[in-house]
Amino acid sequence: MGSAKEGVSHWWTQRVSAVALIPLTLWFFFSLLALPDLEFDTVKTWLALPISGLLAVLLVAVMFYHSYLGTMVIVEDYVHTNGVKLLGLLALRFLYVLAGGAAVFAILRVAFGS
Amino acid sequence: MPPRARPLSPHIQIYRWQIGSTLSILHRITGAALALGLLALSYWLIALAGGAAPYAAAMRMLASPAGIIALMGWSFAFLYHLLNGIRHLFWDAGVGFERTQRHLSGWIVVLGALGATACLWGLLWHGMHP
């Protein structure tokens with residue numbers, strides 16, 4: 001761990017994911033706004049389309065990764081006790097994998113039926 | 001091991017207000033707020049996969065006064081983080097570092113995010129009350 005070993009890769013991945021998120025987030029919000037309503041059947045039918053499912057999985061994966069990189073830096077900046085910092089980073093990672101994994105799983109359930 | 005007292009550099013309260021540092025910390029604050037928004041997004045997707053009843057419960061929560069306020073906050077946080085993120089990407093490419101350019105792009109980002117948030121909610125309000 002640490003900026004000396006992984007700093008450049010962290011910085012670069014943050015930028016690459018940021019660029020990818022511009023079209024992905026805009027697609028997601030404009031698609032929702034373009035739906036006639038946000039009723040269960042409407043949203044589910046939309047998300048079950050192959051293109052929606054694919055882009056939604058990509059969106060969630062990239063967004064959770066981008067967010068993880070950002071909150072990681074916040075913890076590193078403001079938590080100064082080494083043990084607590086390590087635990088915090090570990091908890092953060094677990095939380096992101098859990099919430100992101102659940103979100104992707106939910107999209108796949110909608111796409112492939114449950 | 002207790003941390004030893006070390007000499008410190010001047011901290012933020014010593015400096016005159018400037019737009020650059022304010023927008024910088026706002027980028028981090030909106031990013032942290034959006035991280036919480038991801039939990040809401042996960043919950044919404046899980047509810048959608050869970051069926052009509054869980055989805056209706058999630059939508060009721062989001063349509064409650066607290067939910068609407070949170071969604072307004074998240075929409076501004078997203079638009080600000082998006083626009084200021086693009087500003088950062090230009091800087092990463094080495095463009096727009098002059099003082100006047102920095103200030104101008106900063107104000108464009110703030111006013112753009114506020115304006116876009118207002119447009120979005122105006123549109124949603126209009127959609128709900130045609």
# chains A, B, ... in the order shown; residues from 1 in each chain; ligands from 1

call {"tool": "residues_around", "arguments": {"residues": "Ala56 of chain A", "least_positions_apart": "3", "cutoff": "9 Å", "atoms": "only C-alpha atoms", "output": "PDB file with N, CA, C and O atoms, in the first residue's frame"}}
result
ATOM      1  N   LEU A  24     -21.816   7.382 -19.130  1.00  0.00           N
ATOM      2  CA  LEU A  24     -22.629   6.368 -18.446  1.00  0.00           C
ATOM      3  C   LEU A  24     -23.678   6.999 -17.527  1.00  0.00           C
ATOM      4  O   LEU A  24     -24.849   6.593 -17.527  1.00  0.00           O
ATOM      5  N   PHE A  28     -27.824   7.081 -17.992  1.00  0.00           N
ATOM      6  CA  PHE A  28     -28.719   6.543 -16.962  1.00  0.00           C
ATOM      7  C   PHE A  28     -29.801   7.558 -16.587  1.00  0.00           C
ATOM      8  O   PHE A  28     -30.990   7.246 -16.597  1.00  0.00           O
ATOM      9  N   LEU A  47     -35.176  -1.803 -17.752  1.00  0.00           N
ATOM     10  CA  LEU A  47     -33.895  -2.345 -17.287  1.00  0.00           C
ATOM     11  C   LEU A  47     -33.658  -3.763 -17.808  1.00  0.00           C
ATOM     12  O   LEU A  47     -32.519  -4.225 -17.895  1.00  0.00           O
ATOM     13  N   ILE A  51     -29.475  -3.893 -23.711  1.00  0.00           N
ATOM     14  CA  ILE A  51     -28.583  -2.730 -23.723  1.00  0.00           C
ATOM     15  C   ILE A  51     -28.636  -1.992 -22.387  1.00  0.00           C
ATOM     16  O   ILE A  51     -27.611  -1.536 -21.863  1.00  0.00           O
ATOM     17  N   SER A  52     -29.836  -1.906 -21.783  1.00  0.00           N
ATOM     18  CA  SER A  52     -29.958  -1.247 -20.476  1.00  0.00           C
ATOM     19  C   SER A  52     -29.196  -2.021 -19.411  1.00  0.00           C
ATOM     20  O   SER A  52     -28.462  -1.436 -18.611  1.00  0.00           O
ATOM     21  N   GLY A  53     -29.373  -3.358 -19.422  1.00  0.00           N
ATOM     22  CA  GLY A  53     -28.710  -4.181 -18.422  1.00  0.00           C
ATOM     23  C   GLY A  53     -27.198  -4.071 -18.512  1.00  0.00           C
ATOM     24  O   GLY A  53     -26.512  -3.883 -17.508  1.00  0.00           O
ATOM     25  N   LEU A  59     -22.130   0.871 -15.560  1.00  0.00           N
ATOM     26  CA  LEU A  59     -22.258   2.092 -14.768  1.00  0.00           C
ATOM     27  C   LEU A  59     -21.990   1.812 -13.292  1.00  0.00           C
ATOM     28  O   LEU A  59     -21.169   2.485 -12.658  1.00  0.00           O
ATOM     29  N   VAL A  60     -22.674   0.793 -12.749  1.00  0.00           N
ATOM     30  CA  VAL A  60     -22.529   0.496 -11.322  1.00  0.00           C
ATOM     31  C   VAL A  60     -21.082   0.102 -11.005  1.00  0.00           C
ATOM     32  O   VAL A  60     -20.490   0.590 -10.041  1.00  0.00           O
ATOM     33  N   ALA A  61     -20.487  -0.741 -11.845  1.00  0.00           N
ATOM     34  CA  ALA A  61     -19.121  -1.188 -11.580  1.00  0.00           C
ATOM     35  C   ALA A  61     -18.153  -0.010 -11.582  1.00  0.00           C
ATOM     36  O   ALA A  61     -17.363   0.162 -10.642  1.00  0.00           O
ATOM     37  N   VAL A 104     -25.122  -5.010  -8.729  1.00  0.00           N
ATOM     38  CA  VAL A 104     -24.922  -5.736  -9.993  1.00  0.00           C
ATOM     39  C   VAL A 104     -25.808  -6.974 -10.033  1.00  0.00           C
ATOM     40  O   VAL A 104     -26.464  -7.271 -11.037  1.00  0.00           O
ATOM     41  N   ILE A 107     -29.332  -6.082 -10.875  1.00  0.00           N
ATOM     42  CA  ILE A 107     -29.528  -5.799 -12.309  1.00  0.00           C
ATOM     43  C   ILE A 107     -29.609  -7.117 -13.093  1.00  0.00           C
ATOM     44  O   ILE A 107     -30.454  -7.280 -13.976  1.00  0.00           O
TER      45      ILE A 107
END

call {"tool": "interface_residues", "arguments": {"of": "chain A", "to": "chain B", "cutoff": "10 Å", "atoms": "only C-alpha atoms", "output": "number ranges by chain"}}
result
A: 15-16, 18-19, 21-22, 25-26, 33, 36-41, 43-44, 47, 60, 63-64, 66-68, 70-71, 73-74, 80-81, 95-96, 98-111, 113-114

call {"tool": "write_last_selection", "arguments": {"atoms": "C-alpha atoms", "output": "PDB file, in the first residue's frame"}}
result
ATOM      1  CA  ARG A  15      -9.280   9.782 -14.264  1.00  0.00           C
ATOM      2  CA  VAL A  16     -10.122   6.903 -16.590  1.00  0.00           C
ATOM      3  CA  ALA A  18     -14.179   9.695 -14.377  1.00  0.00           C
ATOM      4  CA  VAL A  19     -14.120   9.928 -18.180  1.00  0.00           C
ATOM      5  CA  LEU A  21     -18.705   7.967 -16.009  1.00  0.00           C
ATOM      6  CA  ILE A  22     -19.563  11.078 -18.047  1.00  0.00           C
ATOM      7  CA  THR A  25     -24.239   8.606 -15.811  1.00  0.00           C
ATOM      8  CA  LEU A  26     -25.796  10.891 -18.428  1.00  0.00           C
ATOM      9  CA  LEU A  33     -36.212  10.971 -17.317  1.00  0.00           C
ATOM     10  CA  PRO A  36     -43.260   7.824 -19.294  1.00  0.00           C
ATOM     11  CA  ASP A  37     -43.368   7.110 -15.531  1.00  0.00           C
ATOM     12  CA  LEU A  38     -41.336   5.373 -12.830  1.00  0.00           C
ATOM     13  CA  GLU A  39     -43.877   2.635 -12.084  1.00  0.00           C
ATOM     14  CA  PHE A  40     -42.557  -0.855 -11.363  1.00  0.00           C
ATOM     15  CA  ASP A  41     -43.497  -2.395 -14.728  1.00  0.00           C
ATOM     16  CA  VAL A  43     -38.756   0.591 -14.993  1.00  0.00           C
ATOM     17  CA  LYS A  44     -38.400  -3.183 -14.907  1.00  0.00           C
ATOM     18  CA  LEU A  47     -33.895  -2.345 -17.287  1.00  0.00           C
ATOM     19  CA  VAL A  60     -22.529   0.496 -11.322  1.00  0.00           C
ATOM     20  CA  MET A  63     -19.179   4.262 -10.363  1.00  0.00           C
ATOM     21  CA  PHE A  64     -18.534   2.105  -7.300  1.00  0.00           C
ATOM     22  CA  HIS A  66     -14.508   5.571  -8.797  1.00  0.00           C
ATOM     23  CA  SER A  67     -16.272   6.271  -5.513  1.00  0.00           C
ATOM     24  CA  TYR A  68     -14.128   3.729  -3.679  1.00  0.00           C
ATOM     25  CA  GLY A  70     -12.249   8.791  -3.753  1.00  0.00           C
ATOM     26  CA  THR A  71     -13.442   7.788  -0.284  1.00  0.00           C
ATOM     27  CA  VAL A  73      -8.286   9.139  -0.159  1.00  0.00           C
ATOM     28  CA  ILE A  74     -10.647  10.842   2.305  1.00  0.00           C
ATOM     29  CA  HIS A  80      -4.066   9.595  11.297  1.00  0.00           C
ATOM     30  CA  THR A  81      -3.871   6.564  13.565  1.00  0.00           C
ATOM     31  CA  LEU A  95     -18.729  -2.216   2.122  1.00  0.00           C
ATOM     32  CA  TYR A  96     -18.077  -1.215  -1.492  1.00  0.00           C
ATOM     33  CA  LEU A  98     -20.899  -5.786  -0.814  1.00  0.00           C
ATOM     34  CA  ALA A  99     -23.084  -2.865  -1.968  1.00  0.00           C
ATOM     35  CA  GLY A 100     -21.679  -2.886  -5.512  1.00  0.00           C
ATOM     36  CA  GLY A 101     -21.997  -6.653  -5.782  1.00  0.00           C
ATOM     37  CA  ALA A 102     -25.598  -6.499  -4.550  1.00  0.00           C
ATOM     38  CA  ALA A 103     -26.429  -3.764  -7.076  1.00  0.00           C
ATOM     39  CA  VAL A 104     -24.922  -5.736  -9.993  1.00  0.00           C
ATOM     40  CA  PHE A 105     -26.686  -8.909  -8.818  1.00  0.00           C
ATOM     41  CA  ALA A 106     -29.996  -6.996  -8.713  1.00  0.00           C
ATOM     42  CA  ILE A 107     -29.528  -5.799 -12.309  1.00  0.00           C
ATOM     43  CA  LEU A 108     -28.722  -9.341 -13.447  1.00  0.00           C
ATOM     44  CA  ARG A 109     -31.837 -10.659 -11.679  1.00  0.00           C
ATOM     45  CA  VAL A 110     -33.953  -8.133 -13.559  1.00  0.00           C
ATOM     46  CA  ALA A 111     -32.191  -9.005 -16.829  1.00  0.00           C
ATOM     47  CA  GLY A 113     -35.505 -13.131 -14.348  1.00  0.00           C
ATOM     48  CA  SER A 114     -35.506 -14.419 -10.783  1.00  0.00           C
TER      49      SER A 114
END

call {"tool": "residues_around", "arguments": {"residues": "segment 74-76 of chain B", "least_positions_apart": "3", "cutoff": "10 Å", "atoms": "only C-alpha atoms", "output": "count of residues only"}}
result
24
